[in-house]
$ cat upload.cif   # mmCIF, C-alpha atoms
data_structure
loop_
_atom_site.label_atom_id
_atom_site.label_comp_id
_atom_site.auth_asym_id
_atom_site.auth_seq_id
_atom_site.Cartn_x
_atom_site.Cartn_y
_atom_site.Cartn_z
CA MET A 1 -59.98 70.50 18.03
CA GLU A 2 -60.29 70.73 21.78
CA ASN A 3 -57.56 72.93 23.12
CA LEU A 4 -58.91 73.83 26.54
CA ASN A 5 -56.62 71.66 28.59
CA GLN A 6 -53.60 71.72 26.39
CA LEU A 7 -50.60 73.95 27.00
CA THR A 8 -48.67 75.65 24.21
CA GLN A 9 -46.69 73.32 22.00
CA TRP A 10 -42.93 73.86 21.71
CA GLU A 11 -40.31 72.42 19.36
CA VAL A 12 -37.07 71.20 20.92
CA PHE A 13 -33.63 71.55 19.33
CA ILE A 14 -30.54 69.92 20.84
CA GLN A 15 -26.90 70.81 20.44
CA SER A 16 -25.03 67.60 21.17
CA LYS A 17 -21.60 69.13 21.72
CA SER A 18 -19.96 72.52 21.67
CA GLY A 19 -19.86 73.90 18.14
CA SER A 20 -22.37 71.42 16.67
CA PRO A 21 -25.55 72.62 14.97
CA TYR A 22 -28.84 72.51 16.87
CA GLU A 23 -30.95 69.62 15.63
CA HIS A 24 -34.68 69.14 15.95
CA ALA A 25 -35.47 66.43 18.53
CA GLY A 26 -39.26 66.57 18.92
CA SER A 27 -41.92 68.60 20.66
CA LEU A 28 -43.62 69.00 24.02
CA HIS A 29 -46.16 71.08 25.92
CA ALA A 30 -45.32 73.79 28.45
CA ALA A 31 -46.82 76.90 30.02
CA ASP A 32 -43.78 79.15 29.63
CA LYS A 33 -40.15 79.32 28.55
CA SER A 34 -38.57 77.91 31.67
CA MET A 35 -41.06 75.06 31.93
CA ALA A 36 -40.40 74.31 28.25
CA LEU A 37 -36.65 74.15 28.89
CA GLN A 38 -37.02 71.93 31.93
CA ASN A 39 -39.43 69.58 30.19
CA ALA A 40 -37.12 69.43 27.16
CA ARG A 41 -34.22 68.47 29.43
CA ASP A 42 -36.25 65.74 31.15
CA VAL A 43 -37.86 64.34 28.02
CA TYR A 44 -35.07 64.59 25.44
CA THR A 45 -31.71 64.56 27.27
CA ARG A 46 -31.77 61.83 29.91
CA ARG A 47 -28.47 60.37 28.70
CA GLY A 48 -26.29 63.39 28.16
CA GLU A 49 -27.48 63.83 24.56
CA GLY A 50 -27.15 67.59 24.80
CA ARG A 51 -25.04 70.38 26.16
CA SER A 52 -27.43 73.12 25.05
CA LEU A 53 -31.14 73.33 24.17
CA TRP A 54 -33.39 75.63 22.16
CA VAL A 55 -37.15 75.62 22.68
CA VAL A 56 -39.37 77.48 20.21
CA PRO A 57 -43.18 77.80 20.26
CA SER A 58 -44.34 75.55 17.40
CA ASP A 59 -46.54 78.23 15.86
CA CYS A 60 -43.48 80.48 15.40
CA ILE A 61 -41.99 78.05 12.91
CA VAL A 62 -42.53 78.87 9.24
CA ALA A 63 -42.08 75.93 6.90
CA SER A 64 -41.97 75.50 3.14
CA SER A 65 -44.32 72.89 1.76
CA ASN A 66 -43.29 69.71 0.04
CA GLU A 67 -45.81 70.24 -2.77
CA ASP A 68 -44.11 73.49 -3.77
CA ALA A 69 -40.60 72.16 -3.27
CA GLU A 70 -39.82 71.87 -6.97
CA GLU A 71 -40.55 75.45 -7.95
CA PHE A 72 -39.46 76.84 -4.59
CA PHE A 73 -35.96 75.44 -4.90
CA ASP A 74 -35.82 75.72 -8.68
CA PRO A 75 -33.59 78.85 -8.73
CA SER A 76 -30.61 76.88 -7.41
CA GLU A 77 -30.89 74.01 -9.83
CA ASP A 78 -29.20 75.40 -12.95
CA LYS A 79 -26.28 77.07 -11.20
CA ILE A 80 -23.71 74.32 -11.02
CA TYR A 81 -21.00 76.98 -11.35
CA ARG A 82 -21.60 77.48 -7.62
CA THR A 83 -19.82 74.20 -6.87
CA PRO A 84 -16.06 73.62 -7.13
CA ASN A 85 -16.43 70.59 -9.39
CA PHE A 86 -17.63 72.89 -12.17
CA TYR A 87 -14.10 74.17 -12.63
CA LYS A 88 -11.28 72.45 -14.46
CA MET A 89 -7.95 72.63 -12.73
CA PRO A 90 -4.88 73.13 -14.96
CA LYS A 91 -3.05 69.83 -15.45
CA GLY A 92 -0.44 69.18 -12.80
CA SER A 93 -1.63 71.95 -10.48
CA THR A 94 -2.17 71.20 -6.81
CA ASN A 95 -5.31 72.04 -4.85
CA ILE A 96 -5.36 75.16 -2.77
CA MET B 1 -57.55 61.64 -13.78
CA SER B 2 -59.18 63.55 -10.91
CA THR B 3 -57.10 65.73 -8.59
CA GLN B 4 -57.61 63.13 -5.85
CA GLU B 5 -56.30 60.30 -8.03
CA GLU B 6 -53.42 62.47 -9.17
CA SER B 7 -52.46 63.25 -5.55
CA LEU B 8 -52.72 59.60 -4.56
CA LYS B 9 -50.48 58.61 -7.45
CA LYS B 10 -47.86 61.19 -6.48
CA PHE B 11 -48.11 60.09 -2.85
CA GLN B 12 -47.50 56.45 -3.78
CA GLN B 13 -44.54 57.45 -5.97
CA ARG B 14 -42.99 59.25 -3.00
CA ILE B 15 -43.57 56.18 -0.80
CA ASP B 16 -42.08 53.87 -3.42
CA ALA B 17 -39.03 56.13 -3.69
CA ASP B 18 -38.56 55.73 0.10
CA GLU B 19 -39.26 59.40 0.76
CA LYS B 20 -40.59 60.31 4.19
CA ILE B 21 -43.99 61.96 4.53
CA GLU B 22 -44.05 65.05 6.73
CA PRO B 23 -47.02 66.56 8.64
CA ARG B 24 -47.85 69.29 6.11
CA ASP B 25 -47.69 66.99 3.06
CA TRP B 26 -50.74 65.70 1.25
CA MET B 27 -51.70 62.20 2.41
CA PRO B 28 -54.68 59.86 1.92
CA GLU B 29 -57.25 60.09 4.69
CA ASN B 30 -56.75 56.45 5.59
CA TYR B 31 -52.97 56.87 5.91
CA ARG B 32 -53.63 59.64 8.42
CA LYS B 33 -56.27 57.62 10.30
CA THR B 34 -54.16 54.48 10.45
CA LEU B 35 -51.17 56.37 11.79
CA ILE B 36 -53.18 58.29 14.39
CA ARG B 37 -54.56 54.96 15.60
CA GLN B 38 -51.22 53.20 15.56
CA ILE B 39 -49.09 55.97 17.10
CA SER B 40 -51.61 56.84 19.82
CA GLN B 41 -51.96 53.16 20.76
CA HIS B 42 -48.21 52.87 20.83
CA ALA B 43 -48.06 55.91 23.14
CA HIS B 44 -50.77 54.44 25.40
CA SER B 45 -48.78 51.18 25.57
CA GLU B 46 -45.70 53.00 26.82
CA VAL B 47 -47.69 54.79 29.50
CA ILE B 48 -49.73 51.76 30.64
CA GLY B 49 -46.51 49.73 30.50
CA MET B 50 -45.22 51.75 33.45
CA GLN B 51 -47.79 50.08 35.74
CA PRO B 52 -46.65 46.44 35.84
CA GLU B 53 -43.11 47.62 36.65
CA GLY B 54 -44.25 50.29 39.09
CA ASN B 55 -45.57 47.36 41.10
CA TRP B 56 -41.98 46.39 41.98
CA VAL B 57 -40.22 49.72 42.63
CA LEU B 58 -40.70 49.53 46.40
CA ARG B 59 -39.75 45.86 46.51
CA ALA B 60 -36.65 45.91 44.30
CA PRO B 61 -34.01 43.60 45.83
CA SER B 62 -31.20 46.20 45.93
CA LEU B 63 -30.62 49.93 45.53
CA ARG B 64 -28.93 49.23 42.19
CA ALA B 65 -31.97 47.29 40.98
CA LYS B 66 -34.30 50.03 42.19
CA LYS B 67 -32.40 52.81 40.41
CA ILE B 68 -32.38 50.82 37.18
CA LEU B 69 -36.09 50.09 37.43
CA LEU B 70 -36.90 53.75 38.08
CA ALA B 71 -34.80 54.83 35.10
CA LYS B 72 -36.56 52.31 32.89
CA ILE B 73 -40.02 53.44 33.98
CA GLN B 74 -39.02 57.08 33.44
CA ASP B 75 -37.87 56.16 29.91
CA GLU B 76 -41.26 54.62 29.21
CA GLY B 77 -43.01 57.80 30.30
CA GLY B 78 -40.64 59.69 27.99
CA HIS B 79 -41.38 57.34 25.10
CA GLY B 80 -45.08 57.93 25.63
CA LEU B 81 -44.44 61.67 25.35
CA TYR B 82 -42.40 61.36 22.11
CA LEU B 83 -45.17 59.29 20.63
CA TYR B 84 -48.04 61.54 21.73
CA SER B 85 -46.09 64.41 20.13
CA ALA B 86 -45.69 62.42 16.90
CA ALA B 87 -49.46 61.75 16.84
CA GLU B 88 -50.20 65.42 17.56
CA THR B 89 -48.51 66.36 14.27
CA PHE B 90 -51.79 65.22 12.68
CA GLY B 91 -53.69 67.88 14.62
CA VAL B 92 -55.24 65.48 17.13
CA SER B 93 -54.93 66.71 20.72
CA ARG B 94 -53.41 64.75 23.58
CA ALA B 95 -56.57 65.23 25.64
CA GLU B 96 -58.58 63.59 22.87
CA MET B 97 -56.22 60.61 22.70
CA ILE B 98 -56.31 60.09 26.46
CA GLN B 99 -60.08 60.31 26.42
CA GLN B 100 -60.21 57.58 23.75
CA LEU B 101 -57.95 55.39 25.85
CA GLN B 102 -60.06 55.86 28.96
CA GLU B 103 -63.30 55.20 27.09
CA GLY B 104 -61.85 51.99 25.71
CA LYS B 105 -61.97 53.25 22.11
CA ALA B 106 -58.19 53.11 21.77
CA LYS B 107 -56.23 50.00 22.72
CA TYR B 108 -52.78 49.48 24.15
CA SER B 109 -50.51 46.46 23.92
CA SER B 110 -52.20 43.46 25.53
CA ILE B 111 -48.99 42.31 27.16
CA PHE B 112 -49.52 44.88 29.92
CA ASN B 113 -52.73 43.19 30.98
CA TYR B 114 -50.74 40.37 32.56
CA PRO B 115 -49.79 40.67 36.24
CA THR B 116 -46.21 40.91 37.52
CA LEU B 117 -46.17 38.35 40.32
CA THR B 118 -42.48 38.04 41.21
CA TRP B 119 -39.19 39.93 40.82
CA ALA B 120 -38.29 37.55 37.98
CA ASP B 121 -41.15 39.15 36.03
CA MET B 122 -39.06 42.35 35.89
CA GLY B 123 -36.41 40.25 34.17
CA ALA B 124 -38.89 38.60 31.82
CA ILE B 125 -40.48 41.93 30.86
CA GLY B 126 -37.16 43.61 30.13
CA TRP B 127 -35.76 40.66 28.25
CA LEU B 128 -38.83 39.32 26.41
CA VAL B 129 -41.31 42.21 26.23
CA ASP B 130 -38.74 44.92 25.51
CA GLY B 131 -36.87 42.48 23.30
CA ALA B 132 -40.01 41.97 21.21
CA ALA B 133 -40.65 45.72 21.23
CA ILE B 134 -37.14 46.39 19.90
CA VAL B 135 -37.62 43.97 16.99
CA ASN B 136 -40.90 45.71 16.13
CA GLN B 137 -39.63 49.24 16.66
CA THR B 138 -36.43 48.76 14.66
CA MET B 139 -38.75 47.98 11.76
CA LEU B 140 -40.97 50.98 12.57
CA ALA B 141 -37.93 53.28 12.49
CA LYS B 142 -38.13 52.77 8.71
CA CYS B 143 -41.79 53.86 8.64
CA SER B 144 -42.74 56.29 5.87
CA TYR B 145 -44.09 58.90 8.30
CA GLY B 146 -41.16 61.11 9.32
CA PRO B 147 -42.14 62.12 12.87
CA TYR B 148 -42.97 58.50 13.82
CA ALA B 149 -39.77 57.12 12.30
CA ARG B 150 -37.68 59.73 14.14
CA ALA B 151 -39.39 59.00 17.47
CA MET B 152 -38.70 55.29 16.90
CA LEU B 153 -34.99 55.86 16.33
CA ARG B 154 -34.72 57.67 19.63
CA ILE B 155 -36.76 55.00 21.43
CA CYS B 156 -34.73 52.12 19.99
CA LYS B 157 -31.50 53.71 21.22
CA GLU B 158 -32.90 53.89 24.74
CA GLU B 159 -34.50 50.45 24.82
CA GLY B 160 -31.24 48.63 24.31
CA PHE B 161 -30.58 49.07 28.02
CA HIS B 162 -34.07 47.81 28.93
CA GLN B 163 -33.53 44.52 27.18
CA ARG B 164 -30.05 43.95 28.58
CA GLN B 165 -30.97 44.73 32.16
CA GLY B 166 -33.85 42.22 31.88
CA TYR B 167 -31.55 39.53 30.55
CA GLU B 168 -29.10 40.31 33.35
CA ILE B 169 -31.83 39.75 35.97
CA MET B 170 -32.74 36.41 34.38
CA GLY B 171 -29.08 35.35 34.15
CA LYS B 172 -28.44 36.27 37.79
CA MET B 173 -31.46 34.31 38.98
CA MET B 174 -30.45 31.29 36.90
CA ASN B 175 -27.09 31.41 38.69
CA GLY B 176 -28.82 31.61 42.08
CA THR B 177 -30.59 29.20 44.39
CA PRO B 178 -32.98 26.48 43.13
CA ALA B 179 -35.90 28.68 44.26
CA GLN B 180 -34.57 31.60 42.21
CA ARG B 181 -34.10 29.39 39.16
CA GLU B 182 -37.63 28.13 39.54
CA MET B 183 -38.90 31.69 39.82
CA ALA B 184 -37.07 32.71 36.62
CA GLN B 185 -38.42 29.69 34.73
CA ASP B 186 -41.94 30.45 35.97
CA ALA B 187 -41.69 34.02 34.66
CA MET B 188 -40.43 32.66 31.34
CA ASN B 189 -43.37 30.24 31.19
CA ARG B 190 -45.92 33.00 31.78
CA PHE B 191 -44.39 35.68 29.49
CA TRP B 192 -43.13 33.64 26.53
CA TRP B 193 -46.41 33.17 24.67
CA PRO B 194 -47.86 36.63 25.36
CA SER B 195 -44.55 38.06 24.05
CA LEU B 196 -44.99 36.18 20.78
CA MET B 197 -48.54 37.58 20.54
CA MET B 198 -47.14 41.13 20.75
CA PHE B 199 -46.37 40.96 17.01
CA GLY B 200 -50.08 40.70 16.28
CA PRO B 201 -52.17 38.10 14.46
CA PRO B 202 -50.69 35.93 11.69
CA ASP B 203 -50.30 37.77 8.37
CA ALA B 204 -53.25 35.91 6.85
CA ASP B 205 -55.62 37.25 9.56
CA SER B 206 -54.18 40.71 10.04
CA ALA B 207 -56.82 43.27 9.16
CA HIS B 208 -54.65 46.31 8.44
CA SER B 209 -51.44 44.69 7.22
CA ALA B 210 -51.74 44.86 3.43
CA GLU B 211 -52.50 48.58 3.23
CA SER B 212 -49.93 49.40 5.91
CA MET B 213 -47.25 47.52 3.98
CA HIS B 214 -48.27 49.21 0.72
CA TRP B 215 -47.82 52.62 2.35
CA LYS B 216 -44.72 51.52 4.27
CA ILE B 217 -46.31 52.29 7.61
CA LYS B 218 -44.83 48.89 8.36
CA VAL B 219 -42.12 47.46 6.19
CA GLU B 220 -42.09 43.88 7.47
CA SER B 221 -44.91 41.50 8.32
CA ASN B 222 -46.05 40.29 11.77
CA ASP B 223 -44.93 36.71 11.11
CA LYS B 224 -41.49 37.72 9.86
CA LEU B 225 -40.85 39.90 12.92
CA ARG B 226 -42.12 37.19 15.28
CA GLN B 227 -39.73 34.66 13.69
CA ARG B 228 -36.80 37.07 14.06
CA PHE B 229 -37.58 37.54 17.75
CA ILE B 230 -37.85 33.78 18.35
CA ASP B 231 -34.58 33.06 16.54
CA ARG B 232 -32.74 35.60 18.65
CA THR B 233 -34.35 34.78 21.96
CA VAL B 234 -34.22 30.97 21.97
CA GLU B 235 -30.42 31.11 21.80
CA GLN B 236 -30.33 33.57 24.70
CA ALA B 237 -32.67 31.36 26.76
CA ASN B 238 -30.54 28.28 26.17
CA HIS B 239 -27.41 30.19 27.06
CA ILE B 240 -28.55 30.83 30.63
CA GLY B 241 -30.31 27.50 31.06
CA LEU B 242 -33.94 28.57 30.68
CA THR B 243 -36.36 26.26 28.92
CA VAL B 244 -38.65 27.73 26.26
CA PRO B 245 -42.15 26.48 27.19
CA ASP B 246 -42.93 25.07 23.74
CA LYS B 247 -42.73 21.30 23.21
CA ASP B 248 -42.86 21.77 19.43
CA LEU B 249 -39.85 24.06 19.31
CA LYS B 250 -37.13 22.73 17.02
CA TYR B 251 -34.35 24.14 14.88
CA ASN B 252 -34.65 23.73 11.14
CA LYS B 253 -31.15 23.53 9.72
CA GLU B 254 -32.29 24.22 6.17
CA THR B 255 -34.28 27.39 6.85
CA MET B 256 -31.99 28.30 9.77
CA HIS B 257 -35.06 29.22 11.80
CA TRP B 258 -36.61 27.87 14.97
CA GLU B 259 -39.98 26.27 14.28
CA PHE B 260 -42.56 26.79 17.00
CA GLY B 261 -45.90 25.39 18.15
CA PRO B 262 -49.35 26.92 17.66
CA ILE B 263 -50.08 30.23 19.41
CA ASN B 264 -53.31 30.42 21.40
CA TRP B 265 -55.01 33.25 19.51
CA ASP B 266 -58.22 32.78 21.51
CA GLU B 267 -56.30 33.98 24.55
CA PHE B 268 -54.96 36.93 22.56
CA TRP B 269 -58.45 38.05 21.46
CA THR B 270 -59.86 37.55 24.95
CA VAL B 271 -57.26 39.94 26.35
CA VAL B 272 -57.65 42.43 23.46
CA LYS B 273 -61.39 42.50 24.06
CA GLY B 274 -60.86 43.55 27.66
CA ASN B 275 -61.01 40.28 29.55
CA GLY B 276 -57.36 39.72 30.41
CA PRO B 277 -56.22 39.34 34.02
CA CYS B 278 -55.48 43.06 34.58
CA ASN B 279 -57.44 45.10 32.00
CA HIS B 280 -59.74 46.70 34.57
CA GLN B 281 -56.99 47.33 37.08
CA ARG B 282 -54.78 49.07 34.47
CA MET B 283 -57.57 51.34 33.28
CA ASN B 284 -58.87 52.19 36.75
CA HIS B 285 -55.35 53.08 37.82
CA HIS B 286 -54.86 55.32 34.78
CA ILE B 287 -58.17 57.13 35.29
CA HIS B 288 -57.60 57.52 39.03
CA TYR B 289 -54.18 59.16 38.70
CA HIS B 290 -55.20 61.16 35.64
CA ASN B 291 -58.02 62.69 37.67
CA GLU B 292 -55.87 63.12 40.72
CA GLY B 293 -53.39 65.14 38.63
CA ALA B 294 -56.09 67.39 37.17
CA TRP B 295 -55.25 70.24 39.54
CA VAL B 296 -51.66 70.33 38.25
CA ARG B 297 -52.85 70.69 34.65
CA GLU B 298 -55.40 73.33 35.69
CA ALA B 299 -52.78 75.30 37.61
CA ALA B 300 -50.40 75.22 34.63
CA MET B 301 -53.23 76.40 32.33
CA ALA B 302 -54.16 79.21 34.73
CA TYR B 303 -50.52 80.27 34.91
CA GLU B 304 -50.22 80.27 31.12
CA ARG B 305 -53.36 82.41 30.78
CA LYS B 306 -52.05 84.81 33.37
CA ILE B 307 -48.64 85.36 31.77
CA SER B 308 -50.07 85.65 28.24
CA ALA B 309 -52.55 88.29 29.47
CA ASN B 310 -49.69 90.44 30.78
#
$ encode --input "upload.cif" --output "structure tokens"
Amino acid sequence: MENLNQLTQWEVFIQSKSGSPYEHAGSLHAADKSMALQNARDVYTRRGEGRSLWVVPSDCIVASSNEDAEEFFDPSEDKIYRTPNFYKMPKGSTNI
Amino acid sequence: MSTQEESLKKFQQRIDADEKIEPRDWMPENYRKTLIRQISQHAHSEVIGMQPEGNWVLRAPSLRAKKILLAKIQDEGGHGLYLYSAAETFGVSRAEMIQQLQEGKAKYSSIFNYPTLTWADMGAIGWLVDGAAIVNQTMLAKCSYGPYARAMLRICKEEGFHQRQGYEIMGKMMNGTPAQREMAQDAMNRFWWPSLMMFGPPDADSAHSAESMHWKIKVESNDKLRQRFIDRTVEQANHIGLTVPDKDLKYNKETMHWEFGPINWDEFWTVVKGNGPCNHQRMNHHIHYHNEGAWVREAAMAYERKISAN
């Protein structure tokens, strides 16, 4: 892969309004942090989609793989007692 | 069953279950190749598509019209960037894709090889060309490849304005002087058929369709999408008094579709093969400004090397 004239790749995350989670929007190329932020603003928030941005170099992201998903997430599968529906409420009682 | 067959079977099961495929997942080589080709050509189309409209920025009839046109062209540059990023998830570099475009190995949508002769063409492009693009891209937002589908969702949201502003231009001109009405009808006459060709050859002659449908790279066929566009657009044309330049056009009450005359596929292939009215101009322009901007890319690279060395 030719990489000579390609700047570092960054992933862009947008917070749409105060208090909302940051959601992945896409990626872009930039030479440094401030260029990454400015490019992210120009490319991904031309219509007020965001009030805050995160940019992260793509190679800093660690991802689980789909092929291993089954065994990777297996530990949570047989623990339904972690959800409220597992529990029977006494008849006539009200919810907390 | 070999490991390869086993992987292919699992892949197809995921596709059939409407799961999205992500960059790190196993995928057949041809799925990868098809998507690199399709997404990069889609990106090139957005970028080349800035040229016919750029032709009218300095001649827009009002400040309002000029601001709208600039915003639309900026969107198209942005869409090109989303799409290049989506293609890069396969490990292909942007420089490589641009090289393929400039060497003529990668295509872009043929519609941009037609000239924009009058202001009414800005209306026709927004209304017809972006209208056709929306029909196609709404389908592509359901594509099985996650990054492409997500880019499409974002693009579809933004293109709604493109189509409406185009229709507004056409409507305004149809309410204007006889010369303006004539200009609008002329733009309609020139852009109608090329817009229908944007959906690609008929299903029976479409080289990549069957496999793409099987892998849900596309989820609806060329002919079906073309019909949807025609059904929507004919009503809009009639509403503002424009005539669709097709003497065979008639509404079928039973199928509830508009039936249309034969499309000149010889013209389509002539333009695809590089002999449309503006193919050379578009490519020369792209190469010229790409080279002229080389110093900016070099300066950014030098800066990046300098700060990472510190």
$ closest_atom_pairs --input "upload.cif" --of "stretch 51-153 of chain B" --to "stretch 26-30 of chain A" --cutoff "10 Å" --atoms "all atoms listed in the file" --output "JSON lines"
{"residue": "B:Leu81", "atom": "CA", "partner": "A:Leu28", "partner_atom": "CA", "distance": 7.5}
{"residue": "B:Tyr82", "atom": "CA", "partner": "A:Gly26", "partner_atom": "CA", "distance": 6.9}
{"residue": "B:Leu83", "atom": "CA", "partner": "A:Gly26", "partner_atom": "CA", "distance": 9.5}
{"residue": "B:Tyr84", "atom": "CA", "partner": "A:Leu28", "partner_atom": "CA", "distance": 9.0}
{"residue": "B:Ser85", "atom": "CA", "partner": "A:Ser27", "partner_atom": "CA", "distance": 5.9}
{"residue": "B:Ala86", "atom": "CA", "partner": "A:Gly26", "partner_atom": "CA", "distance": 7.9}
{"residue": "B:Glu88", "atom": "CA", "partner": "A:Ser27", "partner_atom": "CA", "distance": 9.4}
{"residue": "B:Thr89", "atom": "CA", "partner": "A:Ser27", "partner_atom": "CA", "distance": 9.4}
{"residue": "B:Arg94", "atom": "CA", "partner": "A:His29", "partner_atom": "CA", "distance": 9.9}
{"residue": "B:Pro147", "atom": "CA", "partner": "A:Gly26", "partner_atom": "CA", "distance": 8.0}
{"residue": "B:Arg150", "atom": "CA", "partner": "A:Gly26", "partner_atom": "CA", "distance": 8.5}
{"residue": "B:Ala151", "atom": "CA", "partner": "A:Gly26", "partner_atom": "CA", "distance": 7.7}
$ write_last_selection --input "upload.cif" --atoms "C-alpha atoms" --output "compact mmCIF listing (two decimals), keeping the file's coordinate frame"
# COMPACT_ATOMS: atom_id res chain seq x y z
CA LEU B 81 -44.44 61.67 25.35
CA TYR B 82 -42.40 61.36 22.11
CA LEU B 83 -45.17 59.29 20.63
CA TYR B 84 -48.04 61.54 21.73
CA SER B 85 -46.09 64.41 20.13
CA ALA B 86 -45.69 62.42 16.90
CA GLU B 88 -50.20 65.42 17.56
CA THR B 89 -48.51 66.36 14.27
CA ARG B 94 -53.41 64.75 23.58
CA PRO B 147 -42.14 62.12 12.87
CA ARG B 150 -37.68 59.73 14.14
CA ALA B 151 -39.39 59.00 17.47
$ resolve_selection --input "upload.cif" --expression "the PyMOL selection byres ((chain B) within 8 of (chain A))" --output "PyMOL selection string"
chain B and resi 24-26+78+81-82+85-86+91-96+151+297-298+300-301+303-304
$ write_last_selection --input "upload.cif" --atoms "C-alpha atoms" --output "compact mmCIF listing (two decimals), keeping the file's coordinate frame"
# COMPACT_ATOMS: atom_id res chain seq x y z
CA ARG B 24 -47.85 69.29 6.11
CA ASP B 25 -47.69 66.99 3.06
CA TRP B 26 -50.74 65.70 1.25
CA GLY B 78 -40.64 59.69 27.99
CA LEU B 81 -44.44 61.67 25.35
CA TYR B 82 -42.40 61.36 22.11
CA SER B 85 -46.09 64.41 20.13
CA ALA B 86 -45.69 62.42 16.90
CA GLY B 91 -53.69 67.88 14.62
CA VAL B 92 -55.24 65.48 17.13
CA SER B 93 -54.93 66.71 20.72
CA ARG B 94 -53.41 64.75 23.58
CA ALA B 95 -56.57 65.23 25.64
CA GLU B 96 -58.58 63.59 22.87
CA ALA B 151 -39.39 59.00 17.47
CA ARG B 297 -52.85 70.69 34.65
CA GLU B 298 -55.40 73.33 35.69
CA ALA B 300 -50.40 75.22 34.63
CA MET B 301 -53.23 76.40 32.33
CA TYR B 303 -50.52 80.27 34.91
CA GLU B 304 -50.22 80.27 31.12
$ atom_distance --input "upload.cif" --atom1 "atom CA of B:Thr116" --atom2 "atom CA of B:Ala133"
17.9 Å
$ residues_around --input "upload.cif" --residues "A:Glu49" --least-positions-apart "4" --cutoff "12 Å" --atoms "all atoms listed in the file" --output "list in words"
Phe13, Ile14, Gln15, Ser16, Lys17, Ser18, Tyr22, Glu23, Ala25, Ala40, Arg41, Asp42, Val43, Tyr44, Thr45 and Leu53 of chain A; Arg154, Lys157 and Glu158 of chain B
$ atom_distance --input "upload.cif" --atom1 "atom CA of B:Asn113" --atom2 "atom CA of B:His162"
19.3 Å
$ atom_distance --input "upload.cif" --atom1 "atom CA of A:Trp54" --atom2 "atom CA of A:Asn39"
11.7 Å
$ resolve_selection --input "upload.cif" --expression "the PyMOL selection byres ((chain B and resi 201-204) around 10)" --output "JSON, numbers by chain"
{"B": [196, 197, 198, 199, 200, 205, 206, 207, 208, 209, 210, 221, 222, 223, 224, 226, 263, 265, 268, 269]}
$ residues_around --input "upload.cif" --residues "B:Ile230" --least-positions-apart "4" --cutoff "9 Å" --atoms "all atoms listed in the file" --output "JSON, numbers by chain"
{"B": [132, 196, 225, 226, 234, 235, 257, 258, 259, 260]}
$ resolve_selection --input "upload.cif" --expression "the PyMOL selection byres ((chain B and resi 278-293) around 12)" --output "PyMOL selection string"
chain B and resi 44-45+47-55+95+98-104+106-117+270-277+294-300
$ closest_residue --input "upload.cif" --among "B:Lys66, B:Glu211, B:Val244, B:Ala309" --to "B:Trp193" --atoms "only C-alpha atoms"
B:Val244
$ axis_aligned_box --input "upload.cif" --around "stretch 244-257 of chain B" --padding-each-side "5 Å" --output "AutoDock Vina command-line options"
--center_x -37.0 --center_y 25.3 --center_z 16.7 --size_x 21.8 --size_y 17.9 --size_z 31.0
$ residues_around --input "upload.cif" --residues "B:Glu46" --least-positions-apart "5" --cutoff "8 Å" --atoms "all atoms listed in the file" --output "PyMOL selection string"
chain B and resi 76-77+79-80
$ closest_residue --input "upload.cif" --among "B:Tyr31, B:Lys142, B:Ser308, B:Met183" --to "A:Lys33" --atoms "all atoms listed in the file"
B:Ser308
$ closest_residue --input "upload.cif" --among "B:Gln165, B:Ser144, B:Thr118, B:Gln185" --to "B:Gly241" --atoms "all atoms listed in the file"
B:Gln185
$ residues_around --input "upload.cif" --residues "A:Pro84" --least-positions-apart "4" --cutoff "12 Å" --atoms "all atoms listed in the file" --output "tab-separated table (two decimals) with C-alpha atoms, keeping the file's coordinate frame"
chain	number	residue	atom	x	y	z
A	79	LYS	CA	-26.28	77.07	-11.20
A	80	ILE	CA	-23.71	74.32	-11.02
A	88	LYS	CA	-11.28	72.45	-14.46
A	89	MET	CA	-7.95	72.63	-12.73
A	95	ASN	CA	-5.31	72.04	-4.85
A	96	ILE	CA	-5.36	75.16	-2.77
$ closest_residue --input "upload.cif" --among "B:Ala184, B:Ala302, B:Arg64, B:Ser2" --to "B:Ala237" --atoms "all atoms listed in the file"
B:Ala184
$ decode --input "upload.cif" --residues "stretch 182-188 of chain B" --atoms "N, CA and C atoms" --output "tab-separated table (two decimals), in the first residue's frame"
chain	number	residue	atom	x	y	z
B	182	GLU	N	-38.88	28.48	-21.81
B	182	GLU	CA	-38.24	27.75	-22.90
B	182	GLU	C	-36.89	27.18	-22.44
B	183	MET	N	-36.20	28.00	-21.66
B	183	MET	CA	-34.89	27.58	-21.14
B	183	MET	C	-35.05	26.36	-20.21
B	184	ALA	N	-36.07	26.42	-19.35
B	184	ALA	CA	-36.31	25.31	-18.41
B	184	ALA	C	-36.66	24.04	-19.18
B	185	GLN	N	-37.52	24.19	-20.21
B	185	GLN	CA	-37.93	23.02	-20.99
B	185	GLN	C	-36.73	22.44	-21.75
B	186	ASP	N	-35.86	23.32	-22.23
B	186	ASP	CA	-34.67	22.86	-22.95
B	186	ASP	C	-33.75	22.05	-22.03
B	187	ALA	N	-33.60	22.53	-20.78
B	187	ALA	CA	-32.77	21.79	-19.82
B	187	ALA	C	-33.39	20.42	-19.54
B	188	MET	N	-34.71	20.41	-19.38
B	188	MET	CA	-35.45	19.15	-19.17
B	188	MET	C	-35.19	18.20	-20.33
